[in-house]
Structures are given as C-alpha cells and as structure tokens.
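**Q** There's a structure below that I have some questions on.
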Amino acid sequence: MIRFFILLGFALMFAIIHQNGQLNMYINTKYAYLSITAIVLLLLLATVEFVRVYRLDKDKEREQQERQNKETSQACESAHDHTHHHENHDQEKGHHRHHHDHAHDHQHDDHYGLDHSHEPTVRWKRIVGYLILFVPICTGIFLPVQTLDSSFVKAKGFSFPMPQEIDAGVPGEHQFLKPDSSVFYGKEGYDRLKNKELAEFVGQTDIRLDDGNYMKGMEVIYNFPGEFMGDRLSFTGFTYKGEQADAEHYFLFRFGFIHCVADSGVFGMLVEFPKGASFNDDEWVQVSGKLASQYYQPFKQTIPVLRVVSWETIPQPSDPYVYRNY
C-alpha cells in the first residue's frame, strides 16, 4: 500500500503544480504535455497497485476463512470420534498430542533453521528508499517555490564561455550570460539553426527582445555580434552589479530554461548606463540603447555591451523566467 500512496503523492504533487501555475518554474512550458502525461501514468499505476493490494488482501482473507473452516471441521470430527470411541480416548489423545508436539517442533525447527540475518538490513533499505521518495513529494506540496534572483548568481557565479569550453560541448557547463543550445545539436545541425535564426533578426535596426524571443535573440547576438553593432536593442531584466563592474556598468539578466531546470541559467548582457544612474541588485529595468563591444577584463574577452540611452524601472513580471523557443 505504501507504493500506492507514493504514486498517488507524485500525481497529486504534479497536479498541484499545474493548478497553482508553477510549472513554468520547473520546465519550459512548451513541454507541459509531458507533465500531464506523467500525471495520467502515475494515476494509472496507482490504480493498478491498489487493485493488486486489494486482491492480495482478499486472497489472504479467503485463505484464513478456509483455514478456520478446516479447523472447525476437524474439531467436529474429533468430537464425533470421542463419542463413539470413549475407551480409546486417552490413548488417541496422547498419540495426538505426541504427533502435534512432534509436528510443532518440526515447524519451529524449520522456522529457526532459516537464515533471517539479512532481513533487518533489507527492511531498513526499503524504509530508507520510501523516505527518499516521500521527501520530494512533501517538499513539492508543502514548501513554497522560491523565485531565482541575484542571490543565485552570487552563490553560483557566472562567466562568459571560453572558446575551448564551447568546443568541449559539455551540457550545463557554460549556461551563463550567453544562451548556448549547441550542446543539443551536431555541428551541422547547429550551423543550420544559427543561420536560420540569424535571418530572423539581421537587418532590423530596432531589435526588441520580449519573453518569447529573449533567449533566441541573445544567442543570435552573441553568435554574430558583428552583424548588430550600432543597432538599437531593447530588453528587460533584473540588475546585478557584480564585484568587477565599475560605477556605470551593470549586468541585466533573466533566468531562462532551454528545456528544464537542469539546463537553466542566467542570461543577459553587460549594460552601460549614463553617469549618475544607480541601481540595487534585483531591480527590474527596461532598457533601450545601442549595441557596441567592449573588452571585459574579468572574462578576458571582448563581449557585446549595450550603451543605454533610455531606461525605466518596472515591477517584476508575473513570470520572471524566459524560455528557449525554436
């Protein structure tokens, strides 16, 4: 029955996440159908497990009833024999007791002859396994979901991927600042994707990145920075000062998902505000300016930078995350 509650618990957890509109904090919402499929399968498996346990209980009840009926029948036969064979009662009783004790001893001998030394270990392993499965259910249902902010950046750090890191093609190793979906493609496939997406943005002198094209646009700009130098760019993000930035420079970030939280990262751009502008970490700002490039010493690379012309402080969006669309 524990398995039934575990399966039902996971189904309930996914259903609550859907109901509360929190699925976007775990996966790219284009894959929402996968979680719905998981809910259906978990409920189906829970039903199968419930039926299996129910049948086992019924079989045990039937066996117990048959055993009781057999014992009652034997008791009646014994009473009948006692009435008709009173003279041999003591002898038969003694023989019966001897036979019963002998059989009873054999049963105990067989029982204690078995090696049960491994049972406590197996039982504890099973208990620990169940607890491990119950923990994510309880945390997913009862604990609030924490929106990622600059504290995550401070804790994990971020960097611009070096060329050798890109060539290594290790998923998740450089999902910071620059979105990089090349790790999910072969070289030829990714080249085709890059050129296709470049065509969507090249030639635009006023590029506006919103929730739908943020990660795609950032990846195109980082892949082909020379195509966009001097163009106007507008986007929204939260500010992060960082330890290496000077008074006018901030990073403007969005947390994004390529597929799910496992390949999520913090993506954005270095921005240069006019003198006198000052922000705290995690302030949401909408900026507009012209693209340029700058050698950034901490990364030891030349990276795109947005020289801000106008900006506006805004409230945090209802969905602070962005997702990679293809």
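By convention here, the chains of the structure tokens are called A, B, ... in the order presented, each chain's residues are numbered starting at 1, and ligands are numbered starting at 1 in the order presented.
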Please identify all polymer residues within 12 Å of stretch 138-141 of chain A, counting only C-alpha atoms, omitting same-chain residues fewer than 3 positions from it, and present them as JSON, numbers by chain.
**A** {"A": [6, 9, 10, 11, 12, 13, 14, 15, 16, 17, 18, 19, 20, 22, 23, 25, 26, 131, 132, 133, 134, 135, 144, 145, 146]}
**Q** Pull N, CA and C atoms from the residues just selected and write them as a PDB file, in the first residue's frame.
**A**
```pdb
ATOM      1  N   ILE A   6       2.764   6.484  -2.610  1.00  0.00           N
ATOM      2  CA  ILE A   6       3.862   7.193  -3.270  1.00  0.00           C
ATOM      3  C   ILE A   6       3.448   7.622  -4.679  1.00  0.00           C
ATOM      4  N   GLY A   9       0.912  10.275  -4.422  1.00  0.00           N
ATOM      5  CA  GLY A   9       1.535  11.514  -3.952  1.00  0.00           C
ATOM      6  C   GLY A   9       2.218  12.274  -5.069  1.00  0.00           C
ATOM      7  N   PHE A  10       2.956  11.565  -5.930  1.00  0.00           N
ATOM      8  CA  PHE A  10       3.613  12.236  -7.053  1.00  0.00           C
ATOM      9  C   PHE A  10       2.577  12.809  -8.022  1.00  0.00           C
ATOM     10  N   ALA A  11       1.517  12.050  -8.282  1.00  0.00           N
ATOM     11  CA  ALA A  11       0.462  12.562  -9.162  1.00  0.00           C
ATOM     12  C   ALA A  11      -0.174  13.812  -8.571  1.00  0.00           C
ATOM     13  N   LEU A  12      -0.421  13.804  -7.253  1.00  0.00           N
ATOM     14  CA  LEU A  12      -1.006  14.965  -6.584  1.00  0.00           C
ATOM     15  C   LEU A  12      -0.060  16.157  -6.637  1.00  0.00           C
ATOM     16  N   MET A  13       1.233  15.915  -6.446  1.00  0.00           N
ATOM     17  CA  MET A  13       2.216  16.997  -6.480  1.00  0.00           C
ATOM     18  C   MET A  13       2.233  17.676  -7.851  1.00  0.00           C
ATOM     19  N   PHE A  14       2.284  16.872  -8.921  1.00  0.00           N
ATOM     20  CA  PHE A  14       2.284  17.453 -10.267  1.00  0.00           C
ATOM     21  C   PHE A  14       0.976  18.201 -10.539  1.00  0.00           C
ATOM     22  N   ALA A  15      -0.134  17.651 -10.058  1.00  0.00           N
ATOM     23  CA  ALA A  15      -1.427  18.306 -10.277  1.00  0.00           C
ATOM     24  C   ALA A  15      -1.488  19.652  -9.552  1.00  0.00           C
ATOM     25  N   ILE A  16      -0.950  19.712  -8.334  1.00  0.00           N
ATOM     26  CA  ILE A  16      -0.940  20.970  -7.579  1.00  0.00           C
ATOM     27  C   ILE A  16      -0.058  22.005  -8.273  1.00  0.00           C
ATOM     28  N   ILE A  17       1.095  21.560  -8.787  1.00  0.00           N
ATOM     29  CA  ILE A  17       1.981  22.476  -9.515  1.00  0.00           C
ATOM     30  C   ILE A  17       1.256  23.062 -10.724  1.00  0.00           C
ATOM     31  N   HIS A  18       0.512  22.214 -11.444  1.00  0.00           N
ATOM     32  CA  HIS A  18      -0.280  22.703 -12.578  1.00  0.00           C
ATOM     33  C   HIS A  18      -1.353  23.671 -12.113  1.00  0.00           C
ATOM     34  N   GLN A  19      -2.080  23.294 -11.070  1.00  0.00           N
ATOM     35  CA  GLN A  19      -3.193  24.104 -10.591  1.00  0.00           C
ATOM     36  C   GLN A  19      -2.731  25.481 -10.127  1.00  0.00           C
ATOM     37  N   ASN A  20      -1.563  25.539  -9.490  1.00  0.00           N
ATOM     38  CA  ASN A  20      -1.037  26.805  -8.967  1.00  0.00           C
ATOM     39  C   ASN A  20      -0.287  27.619 -10.012  1.00  0.00           C
ATOM     40  N   GLN A  22       2.607  26.941 -11.432  1.00  0.00           N
ATOM     41  CA  GLN A  22       4.029  26.993 -11.098  1.00  0.00           C
ATOM     42  C   GLN A  22       4.884  26.098 -11.990  1.00  0.00           C
ATOM     43  N   LEU A  23       4.276  25.494 -13.001  1.00  0.00           N
ATOM     44  CA  LEU A  23       5.032  24.588 -13.857  1.00  0.00           C
ATOM     45  C   LEU A  23       6.172  25.305 -14.559  1.00  0.00           C
ATOM     46  N   MET A  25       8.210  27.255 -13.461  1.00  0.00           N
ATOM     47  CA  MET A  25       9.390  27.380 -12.614  1.00  0.00           C
ATOM     48  C   MET A  25      10.226  26.104 -12.602  1.00  0.00           C
ATOM     49  N   TYR A  26       9.760  25.089 -13.337  1.00  0.00           N
ATOM     50  CA  TYR A  26      10.466  23.814 -13.362  1.00  0.00           C
ATOM     51  C   TYR A  26      10.898  23.402 -14.767  1.00  0.00           C
ATOM     52  N   LEU A 131      11.452   6.678   2.227  1.00  0.00           N
ATOM     53  CA  LEU A 131      11.629   8.032   2.748  1.00  0.00           C
ATOM     54  C   LEU A 131      12.198   8.960   1.679  1.00  0.00           C
ATOM     55  N   ILE A 132      13.158   8.442   0.896  1.00  0.00           N
ATOM     56  CA  ILE A 132      13.751   9.243  -0.182  1.00  0.00           C
ATOM     57  C   ILE A 132      12.681   9.657  -1.193  1.00  0.00           C
ATOM     58  N   LEU A 133      11.725   8.774  -1.442  1.00  0.00           N
ATOM     59  CA  LEU A 133      10.658   9.095  -2.385  1.00  0.00           C
ATOM     60  C   LEU A 133       9.625  10.044  -1.781  1.00  0.00           C
ATOM     61  N   PHE A 134       9.414   9.946  -0.470  1.00  0.00           N
ATOM     62  CA  PHE A 134       8.430  10.813   0.175  1.00  0.00           C
ATOM     63  C   PHE A 134       8.930  12.254   0.312  1.00  0.00           C
ATOM     64  N   VAL A 135      10.247  12.448   0.428  1.00  0.00           N
ATOM     65  CA  VAL A 135      10.795  13.794   0.644  1.00  0.00           C
ATOM     66  C   VAL A 135      10.414  14.758  -0.481  1.00  0.00           C
ATOM     67  N   PRO A 144       6.954  26.466  -0.291  1.00  0.00           N
ATOM     68  CA  PRO A 144       6.738  27.449  -1.361  1.00  0.00           C
ATOM     69  C   PRO A 144       7.874  27.409  -2.377  1.00  0.00           C
ATOM     70  N   VAL A 145       7.554  27.764  -3.612  1.00  0.00           N
ATOM     71  CA  VAL A 145       8.555  27.808  -4.677  1.00  0.00           C
ATOM     72  C   VAL A 145       9.280  29.143  -4.610  1.00  0.00           C
ATOM     73  N   GLN A 146      10.603  29.098  -4.579  1.00  0.00           N
ATOM     74  CA  GLN A 146      11.404  30.312  -4.476  1.00  0.00           C
ATOM     75  C   GLN A 146      11.807  30.794  -5.864  1.00  0.00           C
TER      76      GLN A 146
END
```
**Q** Which residues are near A:Ala292? Cut-off 10 Å, only C-alpha atoms, ignore same chain within fewer than 5 positions. Put them as a PyMOL selection string.
**A** chain A and resi 225-226+228-232+271+303-307
**Q** Just the selected residues (N, CA and C atoms), exported as a JSON list (two decimals), in the first residue's frame, please.
**A**
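Okay, result_39.json is ready:
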```
[["chain", "number", "residue", "atom", "x", "y", "z"],
["A", 225, "PRO", "N", 27.97, 38.86, -33.26],
["A", 225, "PRO", "CA", 27.97, 40.23, -32.72],
["A", 225, "PRO", "C", 28.25, 41.30, -33.78],
["A", 226, "GLY", "N", 29.10, 40.98, -34.76],
["A", 226, "GLY", "CA", 29.43, 41.97, -35.78],
["A", 226, "GLY", "C", 28.25, 42.39, -36.62],
["A", 228, "PHE", "N", 25.36, 43.17, -35.61],
["A", 228, "PHE", "CA", 24.41, 44.02, -34.90],
["A", 228, "PHE", "C", 25.05, 45.24, -34.24],
["A", 229, "MET", "N", 26.33, 45.46, -34.45],
["A", 229, "MET", "CA", 26.98, 46.61, -33.84],
["A", 229, "MET", "C", 26.35, 47.91, -34.35],
["A", 230, "GLY", "N", 25.98, 48.78, -33.45],
["A", 230, "GLY", "CA", 25.34, 50.05, -33.80],
["A", 230, "GLY", "C", 23.84, 49.98, -33.89],
["A", 231, "ASP", "N", 23.26, 48.77, -33.86],
["A", 231, "ASP", "CA", 21.80, 48.64, -33.90],
["A", 231, "ASP", "C", 21.19, 48.96, -32.54],
["A", 232, "ARG", "N", 19.94, 49.35, -32.58],
["A", 232, "ARG", "CA", 19.23, 49.66, -31.34],
["A", 232, "ARG", "C", 18.66, 48.36, -30.77],
["A", 271, "VAL", "N", 25.52, 46.07, -19.52],
["A", 271, "VAL", "CA", 24.93, 47.33, -19.98],
["A", 271, "VAL", "C", 25.67, 48.49, -19.33],
["A", 303, "ILE", "N", 33.21, 41.32, -25.37],
["A", 303, "ILE", "CA", 31.82, 40.88, -25.33],
["A", 303, "ILE", "C", 30.90, 42.02, -25.74],
["A", 304, "PRO", "N", 29.68, 41.71, -26.20],
["A", 304, "PRO", "CA", 28.72, 42.77, -26.53],
["A", 304, "PRO", "C", 28.35, 43.56, -25.27],
["A", 305, "VAL", "N", 28.13, 44.84, -25.45],
["A", 305, "VAL", "CA", 27.69, 45.71, -24.36],
["A", 305, "VAL", "C", 26.63, 46.65, -24.91],
["A", 306, "LEU", "N", 25.61, 46.93, -24.12],
["A", 306, "LEU", "CA", 24.56, 47.84, -24.55],
["A", 306, "LEU", "C", 24.79, 49.19, -23.89],
["A", 307, "ARG", "N", 25.00, 50.22, -24.70],
["A", 307, "ARG", "CA", 25.15, 51.58, -24.18],
["A", 307, "ARG", "C", 23.75, 52.19, -24.09]]
```
**Q** Name the residues in contact with A:Ser150 at a cut-off of 9 Å, using only C-alpha atoms, excluding same-chain residues fewer than 5 positions from it; report them as a VMD selection string.
**A** chain A and resid 155 238 to 240 253 281 to 282
**Q** Using only C-alpha atoms, which protein or nucleic acid residues come within 7 Å of stretch 254-267 of chain A? Drop anything in the same chain fewer than 4 positions from it, and give the result as a short mmCIF file (atom, residue, chain, number, x, y, z; two decimals) with N, CA and C atoms, in the first residue's frame.
**A**
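As written to disk, result04.cif reads:
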```
data_model
loop_
_atom_site.label_atom_id
_atom_site.label_comp_id
_atom_site.auth_asym_id
_atom_site.auth_seq_id
_atom_site.Cartn_x
_atom_site.Cartn_y
_atom_site.Cartn_z
N TYR A 26 9.76 25.09 -13.34
CA TYR A 26 10.47 23.81 -13.36
C TYR A 26 10.90 23.40 -14.77
N ILE A 27 10.06 23.67 -15.76
CA ILE A 27 10.38 23.25 -17.12
C ILE A 27 9.93 24.33 -18.11
N ASN A 28 10.47 24.22 -19.32
CA ASN A 28 10.00 25.04 -20.42
C ASN A 28 8.54 24.67 -20.68
N GLY A 172 25.40 22.22 -19.71
CA GLY A 172 25.30 22.77 -18.36
C GLY A 172 26.55 23.42 -17.84
N GLN A 175 26.18 27.56 -19.16
CA GLN A 175 24.87 28.17 -19.37
C GLN A 175 24.73 29.44 -18.52
N PHE A 176 25.61 30.41 -18.81
CA PHE A 176 25.59 31.68 -18.10
C PHE A 176 25.85 32.80 -19.10
N LEU A 177 25.13 33.89 -18.94
CA LEU A 177 25.27 35.09 -19.75
C LEU A 177 24.84 34.85 -21.19
N LYS A 178 25.50 33.92 -21.87
CA LYS A 178 25.17 33.61 -23.26
C LYS A 178 24.40 32.30 -23.36
N PRO A 179 23.17 32.32 -23.88
CA PRO A 179 22.47 31.06 -24.13
C PRO A 179 23.23 30.25 -25.17
N GLY A 237 15.24 43.14 -17.80
CA GLY A 237 15.91 42.19 -16.92
C GLY A 237 16.10 42.77 -15.53
N PHE A 238 16.68 41.95 -14.64
CA PHE A 238 16.99 42.45 -13.30
C PHE A 238 18.47 42.80 -13.22
N TYR A 321 10.71 34.30 -15.65
CA TYR A 321 11.58 33.43 -16.43
C TYR A 321 11.30 33.56 -17.93
N VAL A 322 12.31 33.20 -18.71
CA VAL A 322 12.16 33.15 -20.16
C VAL A 322 12.54 31.74 -20.62
N TYR A 323 12.09 31.39 -21.85
CA TYR A 323 12.25 30.02 -22.32
C TYR A 323 12.76 30.03 -23.75
N ARG A 324 13.54 29.00 -24.06
CA ARG A 324 14.12 28.90 -25.41
C ARG A 324 13.07 28.35 -26.36
#
```
